[in-house]
file final13.cif (mmCIF, C-alpha atoms)
data_run
loop_
_atom_site.label_atom_id
_atom_site.label_comp_id
_atom_site.auth_asym_id
_atom_site.auth_seq_id
_atom_site.Cartn_x
_atom_site.Cartn_y
_atom_site.Cartn_z
CA ILE W 456 -44.43 -21.83 -15.86
CA LEU W 457 -44.94 -18.84 -13.51
CA SER W 458 -48.71 -19.18 -13.73
CA GLN W 459 -48.34 -22.48 -11.90
CA MET W 460 -45.77 -21.31 -9.33
CA PRO W 461 -47.82 -20.84 -6.16
CA HIS W 462 -49.07 -24.42 -6.34
CA GLU W 463 -52.06 -25.14 -8.49
CA ASN W 464 -54.46 -24.74 -5.54
CA LYS W 465 -52.80 -21.71 -3.91
CA HIS W 466 -55.20 -19.30 -5.65
CA ALA W 467 -58.05 -21.09 -3.91
CA ALA W 468 -56.50 -20.25 -0.52
CA TYR W 469 -57.57 -16.64 -1.01
CA ALA W 470 -60.95 -17.35 -2.59
CA ALA W 471 -62.68 -16.27 0.64
CA ASP W 472 -61.21 -12.77 0.10
CA ILE W 473 -62.83 -12.49 -3.33
CA THR W 474 -66.25 -11.45 -2.14
CA GLY W 475 -68.59 -8.46 -2.24
CA ASP W 476 -67.63 -5.70 -4.67
CA VAL W 477 -64.54 -6.93 -6.53
CA LEU W 478 -62.21 -4.99 -8.81
CA GLU W 479 -59.57 -6.58 -11.02
CA PHE W 480 -57.00 -4.95 -13.23
CA VAL W 481 -58.00 -5.21 -16.93
CA THR W 482 -60.09 -8.41 -16.74
CA ALA W 483 -62.54 -9.99 -14.33
CA THR W 484 -61.09 -13.49 -14.63
CA TYR W 485 -60.31 -14.29 -10.99
CA PRO W 486 -63.59 -13.04 -9.50
CA ARG W 487 -65.48 -15.24 -11.97
CA GLN W 488 -63.28 -18.26 -11.33
CA PHE W 489 -62.64 -18.02 -7.58
CA GLY W 490 -65.10 -15.46 -6.21
CA GLN W 491 -67.47 -16.37 -3.41
CA GLN W 492 -70.62 -14.32 -2.95
CA VAL W 493 -69.45 -11.63 -5.36
CA SER W 494 -72.13 -8.93 -5.57
CA SER W 495 -70.42 -6.99 -8.36
CA PHE W 496 -67.18 -6.98 -10.27
CA SER W 497 -65.58 -4.31 -12.34
CA THR W 498 -62.24 -3.67 -13.97
CA LEU W 499 -59.57 -1.00 -13.74
CA HIS W 500 -57.57 0.14 -16.75
CA VAL W 501 -55.12 3.00 -17.09
CA ALA W 502 -56.08 3.98 -20.63
CA GLU W 503 -59.32 2.57 -22.02
CA LYS W 504 -62.84 1.57 -21.07
CA ILE W 505 -62.97 -2.16 -21.78
CA THR W 506 -66.44 -2.83 -20.37
CA PRO W 507 -69.21 -0.53 -19.14
CA ASP W 508 -67.99 -1.22 -15.59
CA THR W 509 -64.35 -0.27 -16.28
CA ILE W 510 -62.81 2.44 -14.13
CA VAL W 511 -60.29 4.36 -16.23
CA ALA W 512 -57.68 5.69 -13.79
CA ASP W 513 -54.02 5.52 -12.85
CA LEU W 514 -53.16 3.70 -9.60
CA SER W 515 -50.20 6.03 -9.12
CA GLN W 516 -52.57 9.00 -8.91
CA PRO W 517 -54.65 8.06 -5.86
CA GLU W 518 -56.55 11.35 -5.80
CA GLY W 519 -58.14 10.40 -9.15
CA LEU W 520 -59.40 7.03 -7.89
CA PRO W 521 -62.75 6.27 -6.29
CA GLN W 522 -62.49 6.07 -2.51
CA GLU W 523 -63.63 3.04 -0.51
CA ARG W 524 -65.26 1.46 -3.56
CA VAL W 525 -64.40 -2.26 -3.35
CA ASP W 526 -64.11 -5.12 -0.89
CA CYS W 527 -61.41 -6.87 -2.89
CA PHE W 528 -58.93 -5.56 -5.45
CA ILE W 529 -57.11 -8.20 -7.49
CA CYS W 530 -53.99 -6.71 -9.02
CA THR W 531 -51.85 -9.40 -10.60
CA GLN W 532 -48.63 -8.66 -12.47
CA THR W 533 -49.27 -4.89 -12.56
CA PHE W 534 -47.16 -3.00 -10.00
CA GLN W 535 -43.97 -3.45 -12.04
CA TYR W 536 -45.54 -1.10 -14.64
CA ILE W 537 -46.15 1.70 -12.14
CA TYR W 538 -43.15 4.01 -12.00
CA ASP W 539 -44.23 5.57 -8.70
CA PHE W 540 -44.66 2.20 -7.03
CA GLU W 541 -45.41 3.60 -3.56
CA LYS W 542 -48.19 5.83 -4.90
CA GLY W 543 -49.58 2.77 -6.72
CA VAL W 544 -49.80 0.98 -3.37
CA ALA W 545 -51.54 4.06 -1.91
CA GLY W 546 -53.96 3.97 -4.85
CA ALA W 547 -54.83 0.36 -4.13
CA HIS W 548 -55.43 1.28 -0.48
CA ARG W 549 -57.72 4.17 -1.46
CA LEU W 550 -59.92 1.88 -3.59
CA LEU W 551 -60.64 -0.47 -0.68
CA LYS W 552 -63.49 -0.22 1.77
CA PRO W 553 -62.47 -0.64 5.44
CA GLY W 554 -61.67 -4.34 5.88
CA GLY W 555 -61.10 -4.67 2.15
CA VAL W 556 -58.27 -6.78 0.74
CA VAL W 557 -55.80 -6.28 -2.09
CA LEU W 558 -54.40 -9.46 -3.63
CA ALA W 559 -51.35 -8.63 -5.74
CA THR W 560 -48.58 -10.50 -7.50
CA MET W 561 -45.36 -9.18 -8.98
CA PRO W 562 -42.63 -10.92 -10.95
CA THR W 563 -39.08 -11.01 -9.73
CA VAL W 564 -37.49 -13.11 -12.46
CA SER W 565 -38.90 -12.29 -15.87
CA GLN W 566 -38.12 -11.05 -19.32
CA LYS W 567 -38.79 -7.35 -19.86
CA SER W 568 -42.08 -6.51 -21.49
CA VAL W 569 -41.43 -4.42 -24.59
CA ALA W 570 -44.89 -3.57 -25.86
CA ASP W 571 -44.09 -0.25 -27.53
CA ASP W 572 -47.67 0.21 -28.68
CA GLN W 573 -48.94 0.28 -25.07
CA PRO W 574 -49.30 3.41 -22.92
CA TRP W 575 -47.20 1.89 -20.14
CA ARG W 576 -43.65 0.68 -19.61
CA GLU W 577 -42.17 -1.85 -17.22
CA TYR W 578 -39.97 -0.40 -14.45
CA TRP W 579 -39.44 -2.76 -11.51
CA ARG W 580 -38.72 -6.21 -10.20
CA VAL W 581 -40.07 -6.27 -6.66
CA THR W 582 -38.55 -8.59 -4.06
CA SER W 583 -40.46 -9.87 -1.05
CA ASP W 584 -38.56 -7.38 1.14
CA ALA W 585 -39.57 -4.42 -1.06
CA ALA W 586 -43.21 -5.57 -1.19
CA GLU W 587 -43.36 -6.04 2.57
CA ARG W 588 -41.91 -2.58 3.20
CA ALA W 589 -43.97 -0.70 0.57
CA PHE W 590 -47.31 -2.30 1.43
CA GLY W 591 -46.52 -2.17 5.16
CA ALA W 592 -45.88 1.58 4.97
CA VAL W 593 -49.40 2.15 3.58
CA PHE W 594 -51.49 -0.64 5.12
CA GLY W 595 -49.51 -1.11 8.34
CA PRO W 596 -47.07 -4.03 8.69
CA GLU W 597 -49.54 -6.02 10.78
CA HIS W 598 -52.03 -5.99 7.87
CA VAL W 599 -49.66 -7.34 5.21
CA GLN W 600 -48.74 -10.90 4.29
CA VAL W 601 -46.06 -11.47 1.67
CA HIS W 602 -45.13 -14.82 0.14
CA ALA W 603 -42.43 -15.47 -2.44
CA TYR W 604 -42.22 -18.47 -4.73
CA GLY W 605 -39.48 -19.91 -6.85
CA ASN W 606 -36.15 -21.63 -7.06
CA MET W 607 -33.22 -21.73 -9.48
CA LEU W 608 -34.74 -24.49 -11.61
CA VAL W 609 -38.04 -22.64 -12.00
CA ALA W 610 -36.25 -19.36 -12.77
CA ALA W 611 -34.15 -21.02 -15.46
CA ALA W 612 -37.16 -22.91 -16.86
CA PHE W 613 -39.17 -19.71 -17.08
CA LEU W 614 -36.38 -17.78 -18.80
CA LEU W 615 -35.91 -20.66 -21.25
CA GLY W 616 -39.63 -20.59 -22.09
CA LEU W 617 -40.41 -24.06 -20.76
CA ALA W 618 -43.99 -25.05 -20.03
CA VAL W 619 -45.36 -26.15 -16.69
CA GLN W 620 -45.38 -29.77 -17.91
CA ASP W 621 -41.58 -29.59 -18.32
CA VAL W 622 -40.94 -29.26 -14.58
CA SER W 623 -42.53 -31.60 -12.06
CA LYS W 624 -44.92 -30.19 -9.47
CA ARG W 625 -42.60 -31.41 -6.70
CA LYS W 626 -39.69 -29.42 -8.16
CA ARG W 627 -41.82 -26.33 -8.80
CA GLU W 628 -42.97 -26.22 -5.19
CA VAL W 629 -39.47 -26.08 -3.67
CA TYR W 630 -38.79 -22.56 -2.44
CA ASP W 631 -35.34 -21.00 -2.44
CA PRO W 632 -35.31 -17.40 -1.10
CA HIS W 633 -32.29 -16.62 -3.30
CA TYR W 634 -34.34 -17.24 -6.46
CA GLN W 635 -37.67 -15.55 -5.94
CA CYS W 636 -39.67 -15.71 -9.17
CA LEU W 637 -43.01 -14.42 -7.98
CA VAL W 638 -44.01 -12.27 -5.01
CA ALA W 639 -47.58 -12.38 -3.74
CA VAL W 640 -49.12 -9.83 -1.36
CA ARG W 641 -52.31 -9.91 0.68
CA ALA W 642 -52.93 -6.58 2.38
CA THR W 643 -56.00 -5.60 4.39
CA LYS W 644 -57.26 -2.06 4.93
CA ALA W 645 -57.86 -1.37 8.63
#
call {"tool": "encode", "arguments": {"input": "final13.cif", "output": "structure tokens"}}
result
Amino acid sequence: ILSQMPHENKHAAYAADITGDVLEFVTATYPRQFGQQVSSFSTLHVAEKITPDTIVADLSQPEGLPQERVDCFICTQTFQYIYDFEKGVAGAHRLLKPGGVVLATMPTVSQKSVADDQPWREYWRVTSDAAERAFGAVFGPEHVQVHAYGNMLVAAAFLLGLAVQDVSKRKREVYDPHYQCLVAVRATKA
């Protein structure tokens, strides 16, 4: 149900940001689906080279990341796995060319990921306030837009494992700031 939270067409609202050299965490799904005038796309992974264009690096170690490499960095559902969250935000900033954009999402209501065979662990649930402050400290508050999505019904539906078809679009789109389920960030490098 969370995949449908920010309205079915909300992803398209940021399609104009997905241009030029695009980097996505693990896969290149969004640049292929929503990208406009993408000249190249590559992936970032913390542990393994998935494709020839994969950058193997840790976002929380900015000094090990390429500098000013991409115009757009799509980082969905990833920051909760980075123990040093603020350094992860700094890593995203380092990857961007001047004027580049990071598009990130983070869960607020979710079950804990317990993939013991993976080289990462899940540490955080990030509220809109935390995202605004952490990204604002690195990018500058005037360069950060944060949107939260969710309500009590959606939170309960998600935790119960219901599908998007089980909750009407009208009810999914109601926002209640007390029940944030998903936090989305758009931050631009000056």
call {"tool": "resolve_selection", "arguments": {"input": "final13.cif", "expression": "the PyMOL selection byres ((chain W and resi 472-489) around 7)", "output": "list in words"}}
result
Ala467, Tyr469, Ala470, Ala471, Gly490, Gln491, Gln492, Val493, Ser494, Ser495, Phe496, Ser497, Thr498, Leu499, His500, Val525, Asp526, Cys527, Phe528, Ile529, Cys530 and Val556 of chain W
call {"tool": "atom_distance", "arguments": {"input": "final13.cif", "atom1": "CA of Ser623 (chain W)", "atom2": "CA of Thr582 (chain W)"}}
result
24.7 Å
call {"tool": "closest_residue", "arguments": {"input": "final13.cif", "among": "W:Ala545, W:Ala559, W:Pro553, W:Ile505", "to": "Glu523 (chain W)", "atoms": "all atoms listed in the file"}}
result
W:Pro553
call {"tool": "atom_distance", "arguments": {"input": "final13.cif", "atom1": "CA of His602 (chain W)", "atom2": "CA of Ala639 (chain W)"}}
result
5.2 Å
call {"tool": "residues_near_point", "arguments": {"input": "final13.cif", "point": "(-56.3, 1.5, -5.4)", "cutoff": "10 Å", "atoms": "all atoms listed in the file", "output": "PyMOL selection string"}}
result
chain W and resi 478+499+512-525+528-530+542-551+557
call {"tool": "write_last_selection", "arguments": {"input": "final13.cif", "atoms": "C-alpha atoms", "output": "mmCIF file, keeping the file's coordinate frame"}}
result
data_model
loop_
_atom_site.group_PDB
_atom_site.id
_atom_site.type_symbol
_atom_site.label_atom_id
_atom_site.label_comp_id
_atom_site.auth_asym_id
_atom_site.auth_seq_id
_atom_site.Cartn_x
_atom_site.Cartn_y
_atom_site.Cartn_z
ATOM 1 C CA LEU W 478 -62.210 -4.990 -8.810
ATOM 2 C CA LEU W 499 -59.570 -1.000 -13.740
ATOM 3 C CA ALA W 512 -57.680 5.690 -13.790
ATOM 4 C CA ASP W 513 -54.020 5.520 -12.850
ATOM 5 C CA LEU W 514 -53.160 3.700 -9.600
ATOM 6 C CA SER W 515 -50.200 6.030 -9.120
ATOM 7 C CA GLN W 516 -52.570 9.000 -8.910
ATOM 8 C CA PRO W 517 -54.650 8.060 -5.860
ATOM 9 C CA GLU W 518 -56.550 11.350 -5.800
ATOM 10 C CA GLY W 519 -58.140 10.400 -9.150
ATOM 11 C CA LEU W 520 -59.400 7.030 -7.890
ATOM 12 C CA PRO W 521 -62.750 6.270 -6.290
ATOM 13 C CA GLN W 522 -62.490 6.070 -2.510
ATOM 14 C CA GLU W 523 -63.630 3.040 -0.510
ATOM 15 C CA ARG W 524 -65.260 1.460 -3.560
ATOM 16 C CA VAL W 525 -64.400 -2.260 -3.350
ATOM 17 C CA PHE W 528 -58.930 -5.560 -5.450
ATOM 18 C CA ILE W 529 -57.110 -8.200 -7.490
ATOM 19 C CA CYS W 530 -53.990 -6.710 -9.020
ATOM 20 C CA LYS W 542 -48.190 5.830 -4.900
ATOM 21 C CA GLY W 543 -49.580 2.770 -6.720
ATOM 22 C CA VAL W 544 -49.800 0.980 -3.370
ATOM 23 C CA ALA W 545 -51.540 4.060 -1.910
ATOM 24 C CA GLY W 546 -53.960 3.970 -4.850
ATOM 25 C CA ALA W 547 -54.830 0.360 -4.130
ATOM 26 C CA HIS W 548 -55.430 1.280 -0.480
ATOM 27 C CA ARG W 549 -57.720 4.170 -1.460
ATOM 28 C CA LEU W 550 -59.920 1.880 -3.590
ATOM 29 C CA LEU W 551 -60.640 -0.470 -0.680
ATOM 30 C CA VAL W 557 -55.800 -6.280 -2.090
#
call {"tool": "atom_distance", "arguments": {"input": "final13.cif", "atom1": "CA of Ala586 (chain W)", "atom2": "CA of Gly555 (chain W)"}}
result
18.2 Å
call {"tool": "closest_residue", "arguments": {"input": "final13.cif", "among": "W:Pro562, W:Pro632, W:Gly591, W:Gly554", "to": "Glu541 (chain W)", "atoms": "all atoms listed in the file"}}
result
W:Gly591
call {"tool": "closest_residue", "arguments": {"input": "final13.cif", "among": "W:Thr560, W:Gly605, W:Lys567, W:Lys624", "to": "Val581 (chain W)", "atoms": "only C-alpha atoms"}}
result
W:Thr560
call {"tool": "axis_aligned_box", "arguments": {"input": "final13.cif", "around": "region 523-539 of chain W", "padding_each_side": "4 Å", "output": "lines of an AutoDock Vina configuration file"}}
result
center_x = -54.2
center_y = -1.9
center_z = -7.6
size_x = 30.1
size_y = 23.0
size_z = 22.1
call {"tool": "closest_residue", "arguments": {"input": "final13.cif", "among": "W:Val501, W:Ala610, W:Ala589, W:Ala645", "to": "Thr563 (chain W)", "atoms": "all atoms listed in the file"}}
result
W:Ala610
